Every structure is written in C-alpha cells, then in structure tokens.
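Student: What follows is a single structure, and I will ask about it in a moment.
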Amino acid sequence: MGGEDEKVVEQKEMDISLKDLSKKLEEFAQARDWERYHSPRNLLLAMVGEVGELSEIFQWRGEVGKGLPNWEESDKEHLGEELSDVLLYLIRLADICGIDLGDAATKKIVKNAVKYPPKAF
C-alpha cells in the first residue's frame with residue numbers, strides 16, 4: 001500500500017462508530033460461538049479484569065502529563081491495547097443489556113452540563 005492509501009485506511013479506522021464496533025463484536029462472538037458466555041455478569045467481570053490490567057500500567061509511574069511525555073512507544077501501544085479491551089467489553093456489555101451507549105452517553109453529558117454549570121468568572 002502507498003502512503004495515501006494507508007492514510008485513508010487509518011482515517012476509516014479512526015472514524016468507526018460505537019454501532020460499527022458493536023456489530024463487529026457481535027460477529028466476532030458469533031463466529032466463535034462465544035455468545036453463550038456473554039452474559040452481563042461475565043462481561044462486567046471481564047471488563048473489571050481489563051481495568052485492573054489498565055491500572056497496572058500506571059501503578060508505579062506517579063502522575064504523568066498529557067500526551068504521556070517520556071513514555072516509550074511500546075508502553076503507549078500497550079496502553080492503547082488495554083484501553084481498547086476496556087472499551088470493547090463496555091460496548092459489548094451495553095449491547096447485551098440493550099443499552100444504546102452512544103445515546104446514553106450523550107444524554108449523560110447533557111445531564112452533567114445541567115448539574116455542573118460552568119463557573120462565571
């Protein structure tokens with residue numbers, strides 16, 4: 001692939017919606033006959049385990065700045081993988097529970113904006 005083609009593929013991957021990810025996860029589970037294991041409880045516990053793995057990355061680093069200065073690329077890649085694991089389990093859990101995560105998140109942002117209005121300076 002040439003440079004322009006790679007940019008197009010990268011852009012498509014970046015623009016994927018929650019609904020697209022949900023569909024991909026459903027197809028992935030169906031192809032492996034894993035749906036029987038994807039109860040809300042099991043998915044939640046799997047996600048909690050992934051949050052633990054995510055926490056381990058930061059455990060002994062202290063505070064880190066935005067953009068993770070001084071982190072190795074391999075550390076950032078590992079972080080991306082663990083963040084992705086949490087996100088994918090969250091999307092699958094919402095889907096199995098019949099929750100439109102995008103809609104729920106949008107409503108929550110609106111609710112938070114009312115609950116926590118900006119301070120007037």
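So you can find residues: chains in the structure tokens are A, B, ... in the order shown, residues in each start at 1, and ligands are numbered from 1 in order.
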Using only C-alpha atoms, which residues sit within 12 Å of stretch 105-116 of chain A once same-chain residues fewer than 6 positions away are excluded, as a PyMOL selection string?

Tutor: chain A and resi 18+91+94+99

Student: For the selection you just gave me, I'd like the residues written to a file as a JSON list (two decimals), in the first residue's frame, keeping N, CA, C and O atoms.

Tutor:
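In the end it all went to selection05.json:
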[["chain", "number", "residue", "atom", "x", "y", "z"],
["A", 18, "LEU", "N", -19.62, 3.61, 17.49],
["A", 18, "LEU", "CA", -19.91, 2.60, 18.51],
["A", 18, "LEU", "C", -20.78, 1.49, 17.93],
["A", 18, "LEU", "O", -20.59, 0.32, 18.25],
["A", 91, "ILE", "N", -18.67, -1.80, 25.36],
["A", 91, "ILE", "CA", -19.61, -1.78, 24.23],
["A", 91, "ILE", "C", -20.41, -3.08, 24.17],
["A", 91, "ILE", "O", -21.62, -3.07, 24.00],
["A", 94, "ALA", "N", -22.98, -3.15, 27.03],
["A", 94, "ALA", "CA", -24.11, -2.28, 26.73],
["A", 94, "ALA", "C", -25.03, -2.94, 25.70],
["A", 94, "ALA", "O", -26.26, -2.93, 25.85],
["A", 99, "ILE", "N", -28.66, -1.46, 25.80],
["A", 99, "ILE", "CA", -28.42, -0.03, 26.01],
["A", 99, "ILE", "C", -27.71, 0.55, 24.79],
["A", 99, "ILE", "O", -26.68, 0.02, 24.37]]

Student: For stretch 48-54 of chain A, list every protein, DNA or RNA residue within 7 Å, evaluated using only C-alpha atoms, and leave out those in the same chain fewer than 4 positions away; present the list as a ChimeraX atom specification.

Tutor: /A:44,79,82-83,85-86

Student: Save the residues we just selected, N, CA and C atoms, as a PDB file, in the first residue's frame?

Tutor:
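Everything below was put into part31.pdb:
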ATOM      1  N   LEU A  44     -19.155  -7.938  32.522  1.00  0.00           N
ATOM      2  CA  LEU A  44     -18.731  -6.965  33.526  1.00  0.00           C
ATOM      3  C   LEU A  44     -17.467  -7.433  34.238  1.00  0.00           C
ATOM      4  N   LEU A  79      -0.697   0.529  26.387  1.00  0.00           N
ATOM      5  CA  LEU A  79      -1.799   1.305  26.952  1.00  0.00           C
ATOM      6  C   LEU A  79      -2.993   1.310  25.999  1.00  0.00           C
ATOM      7  N   GLU A  82      -4.837  -2.018  26.174  1.00  0.00           N
ATOM      8  CA  GLU A  82      -5.638  -2.198  27.389  1.00  0.00           C
ATOM      9  C   GLU A  82      -6.854  -1.276  27.395  1.00  0.00           C
ATOM     10  N   LEU A  83      -6.700  -0.043  26.928  1.00  0.00           N
ATOM     11  CA  LEU A  83      -7.848   0.860  26.791  1.00  0.00           C
ATOM     12  C   LEU A  83      -8.876   0.259  25.836  1.00  0.00           C
ATOM     13  N   ASP A  85      -9.334  -2.933  25.173  1.00  0.00           N
ATOM     14  CA  ASP A  85     -10.002  -4.063  25.829  1.00  0.00           C
ATOM     15  C   ASP A  85     -11.162  -3.571  26.694  1.00  0.00           C
ATOM     16  N   VAL A  86     -10.922  -2.527  27.478  1.00  0.00           N
ATOM     17  CA  VAL A  86     -11.979  -1.983  28.339  1.00  0.00           C
ATOM     18  C   VAL A  86     -13.137  -1.459  27.494  1.00  0.00           C
TER      19      VAL A  86
END

Student: Enter the distance from atom CA of A:Met47 to atom CA of A:Leu68, in Å, rounded to one decimal.

Tutor: 23.7 Å

Student: Env of stretch 22-33 of chain A: 10 Å cut, atoms = only C-alpha atoms, seq-sep filter 6 positions within chain, self excluded. Answer as a list of chain:residue names.

Tutor: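 Residues meeting the cut-off are A:Leu88, A:Tyr89, A:Leu90, A:Ile91, A:Arg92, A:Leu93, A:Ala94, A:Asp95, A:Ile96, A:Leu101.
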
Student: Have a look at A:Ile16, A:Val64, A:Ala104, A:Leu21 and name the one nearest to A:Leu87; count only C-alpha atoms.

Tutor: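 Of the candidates, the smallest distance to A:Leu87 is held by A:Leu21.
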
Student: Go through chain A and collect every residue that DSSP, computed from the backbone, puts in helix (DSSP H, G or I); the answer should be as a ChimeraX atom specification.

Tutor: /A:3-14,18-31,35-37,40-58,73-96,101-115

Student: Please compute the atom CA of A:Glu81-atom CA of A:His38 distance, one decimal, in Å.

Tutor: 20.6 Å
